[in-house]
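Everything below concerns the one structure shown next.
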Amino acid sequence: MFLATLGLGANGVAHGPWQWQYQNESTREEFRSFEQFLSSRPWIAEKLRKDPTLANNSDFLNDNKELRNFLNAHPFVQADLKQDPRAFMRASRSLSDGSVSG
């Protein structure tokens, strides 16, 4: 499971009680897959970045079956989005922007 970053210091180094830590190559690959998924579906990415809790909303998932199917196939991403969707999406954006190395 990923552990999400709550913030980045001025030097781009993660700090706070939660920090991105990849347990193994499998979890890194799941994260890369999530970034690719969002990149190819900007309408879903925009909605999730505005309101990350939608990832846990059954109505939203029913309306966006691609996301529901992706999360069902990627248990690490699904678990982290359930644990703290806002921190996960902030960290996701930071990592996709290259702000944090992992």
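So you can find residues: chains in the structure tokens are A, B, ... in the order shown, residues in each start at 1, and ligands are numbered from 1 in order.
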Set the distance at 12 Å and use only C-alpha atoms: which residues neighbour stretch 53-62 of chain A once local chain neighbours fewer than 3 positions away are removed? I'd like the list as an MDAnalysis selection string.
chainID A and resid 44:50 65:72 77:89
Could those residues be written to a file, using N, CA and C atoms, as an mmCIF file, in the first residue's frame?
```cif
data_model
loop_
_atom_site.group_PDB
_atom_site.id
_atom_site.type_symbol
_atom_site.label_atom_id
_atom_site.label_comp_id
_atom_site.auth_asym_id
_atom_site.auth_seq_id
_atom_site.Cartn_x
_atom_site.Cartn_y
_atom_site.Cartn_z
ATOM 1 N N ILE A 44 -12.039 12.383 -15.867
ATOM 2 C CA ILE A 44 -12.056 11.734 -14.550
ATOM 3 C C ILE A 44 -10.993 12.368 -13.654
ATOM 4 N N ALA A 45 -9.810 12.598 -14.209
ATOM 5 C CA ALA A 45 -8.718 13.199 -13.430
ATOM 6 C C ALA A 45 -9.138 14.559 -12.879
ATOM 7 N N GLU A 46 -9.776 15.375 -13.705
ATOM 8 C CA GLU A 46 -10.198 16.703 -13.256
ATOM 9 C C GLU A 46 -11.196 16.603 -12.107
ATOM 10 N N LYS A 47 -12.155 15.693 -12.226
ATOM 11 C CA LYS A 47 -13.152 15.532 -11.158
ATOM 12 C C LYS A 47 -12.506 15.041 -9.870
ATOM 13 N N LEU A 48 -11.590 14.078 -9.977
ATOM 14 C CA LEU A 48 -10.935 13.547 -8.780
ATOM 15 C C LEU A 48 -10.015 14.573 -8.138
ATOM 16 N N ARG A 49 -9.373 15.405 -8.931
ATOM 17 C CA ARG A 49 -8.493 16.421 -8.349
ATOM 18 C C ARG A 49 -9.307 17.504 -7.653
ATOM 19 N N LYS A 50 -10.508 17.785 -8.163
ATOM 20 C CA LYS A 50 -11.381 18.765 -7.504
ATOM 21 C C LYS A 50 -11.993 18.190 -6.232
ATOM 22 N N LYS A 65 -17.578 3.794 -14.876
ATOM 23 C CA LYS A 65 -17.247 2.372 -14.743
ATOM 24 C C LYS A 65 -15.767 2.075 -15.006
ATOM 25 N N GLU A 66 -15.136 2.881 -15.858
ATOM 26 C CA GLU A 66 -13.705 2.676 -16.109
ATOM 27 C C GLU A 66 -12.903 2.848 -14.815
ATOM 28 N N LEU A 67 -13.243 3.864 -14.040
ATOM 29 C CA LEU A 67 -12.553 4.079 -12.765
ATOM 30 C C LEU A 67 -12.858 2.949 -11.799
ATOM 31 N N ARG A 68 -14.108 2.564 -11.708
ATOM 32 C CA ARG A 68 -14.483 1.462 -10.814
ATOM 33 C C ARG A 68 -13.719 0.196 -11.180
ATOM 34 N N ASN A 69 -13.662 -0.127 -12.463
ATOM 35 C CA ASN A 69 -12.943 -1.329 -12.899
ATOM 36 C C ASN A 69 -11.447 -1.218 -12.614
ATOM 37 N N PHE A 70 -10.881 -0.018 -12.833
ATOM 38 C CA PHE A 70 -9.460 0.181 -12.550
ATOM 39 C C PHE A 70 -9.182 -0.051 -11.073
ATOM 40 N N LEU A 71 -9.980 0.555 -10.209
ATOM 41 C CA LEU A 71 -9.748 0.417 -8.764
ATOM 42 C C LEU A 71 -9.905 -1.031 -8.311
ATOM 43 N N ASN A 72 -10.870 -1.730 -8.870
ATOM 44 C CA ASN A 72 -11.039 -3.146 -8.514
ATOM 45 C C ASN A 72 -9.838 -3.979 -8.934
ATOM 46 N N VAL A 77 -3.943 1.027 -4.974
ATOM 47 C CA VAL A 77 -4.487 2.354 -5.266
ATOM 48 C C VAL A 77 -5.846 2.505 -4.593
ATOM 49 N N GLN A 78 -6.680 1.504 -4.720
ATOM 50 C CA GLN A 78 -8.018 1.553 -4.121
ATOM 51 C C GLN A 78 -7.937 1.730 -2.605
ATOM 52 N N ALA A 79 -7.052 0.991 -1.960
ATOM 53 C CA ALA A 79 -6.928 1.072 -0.502
ATOM 54 C C ALA A 79 -6.449 2.453 -0.067
ATOM 55 N N ASP A 80 -5.483 3.020 -0.777
ATOM 56 C CA ASP A 80 -4.981 4.336 -0.399
ATOM 57 C C ASP A 80 -5.998 5.433 -0.658
ATOM 58 N N LEU A 81 -6.758 5.316 -1.736
ATOM 59 C CA LEU A 81 -7.816 6.288 -1.987
ATOM 60 C C LEU A 81 -8.900 6.201 -0.912
ATOM 61 N N LYS A 82 -9.146 5.021 -0.398
ATOM 62 C CA LYS A 82 -10.128 4.883 0.685
ATOM 63 C C LYS A 82 -9.591 5.452 1.991
ATOM 64 N N GLN A 83 -8.306 5.239 2.230
ATOM 65 C CA GLN A 83 -7.695 5.678 3.491
ATOM 66 C C GLN A 83 -7.672 7.205 3.594
ATOM 67 N N ASP A 84 -7.186 7.876 2.575
ATOM 68 C CA ASP A 84 -7.087 9.336 2.608
ATOM 69 C C ASP A 84 -7.046 9.863 1.173
ATOM 70 N N PRO A 85 -8.215 10.007 0.552
ATOM 71 C CA PRO A 85 -8.247 10.378 -0.866
ATOM 72 C C PRO A 85 -7.599 11.732 -1.167
ATOM 73 N N ARG A 86 -7.758 12.695 -0.274
ATOM 74 C CA ARG A 86 -7.182 14.027 -0.542
ATOM 75 C C ARG A 86 -5.655 13.972 -0.535
ATOM 76 N N ALA A 87 -5.071 13.329 0.456
ATOM 77 C CA ALA A 87 -3.613 13.212 0.522
ATOM 78 C C ALA A 87 -3.084 12.389 -0.654
ATOM 79 N N PHE A 88 -3.799 11.343 -1.028
ATOM 80 C CA PHE A 88 -3.370 10.511 -2.147
ATOM 81 C C PHE A 88 -3.326 11.322 -3.439
ATOM 82 N N MET A 89 -4.364 12.116 -3.705
ATOM 83 C CA MET A 89 -4.404 12.890 -4.935
ATOM 84 C C MET A 89 -3.374 14.021 -4.913
#
```
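Atom CA of A:Trp43 sits 24.7 Å away from atom CA of A:Thr27.
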Give me, please, the distance in Å between atom CA of A:Asp51 and atom CA of A:Glu35, quoted to one decimal.
16.7 Å
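Note that atom CA of A:His74 and atom CA of A:Phe37 are 11.3 Å apart.
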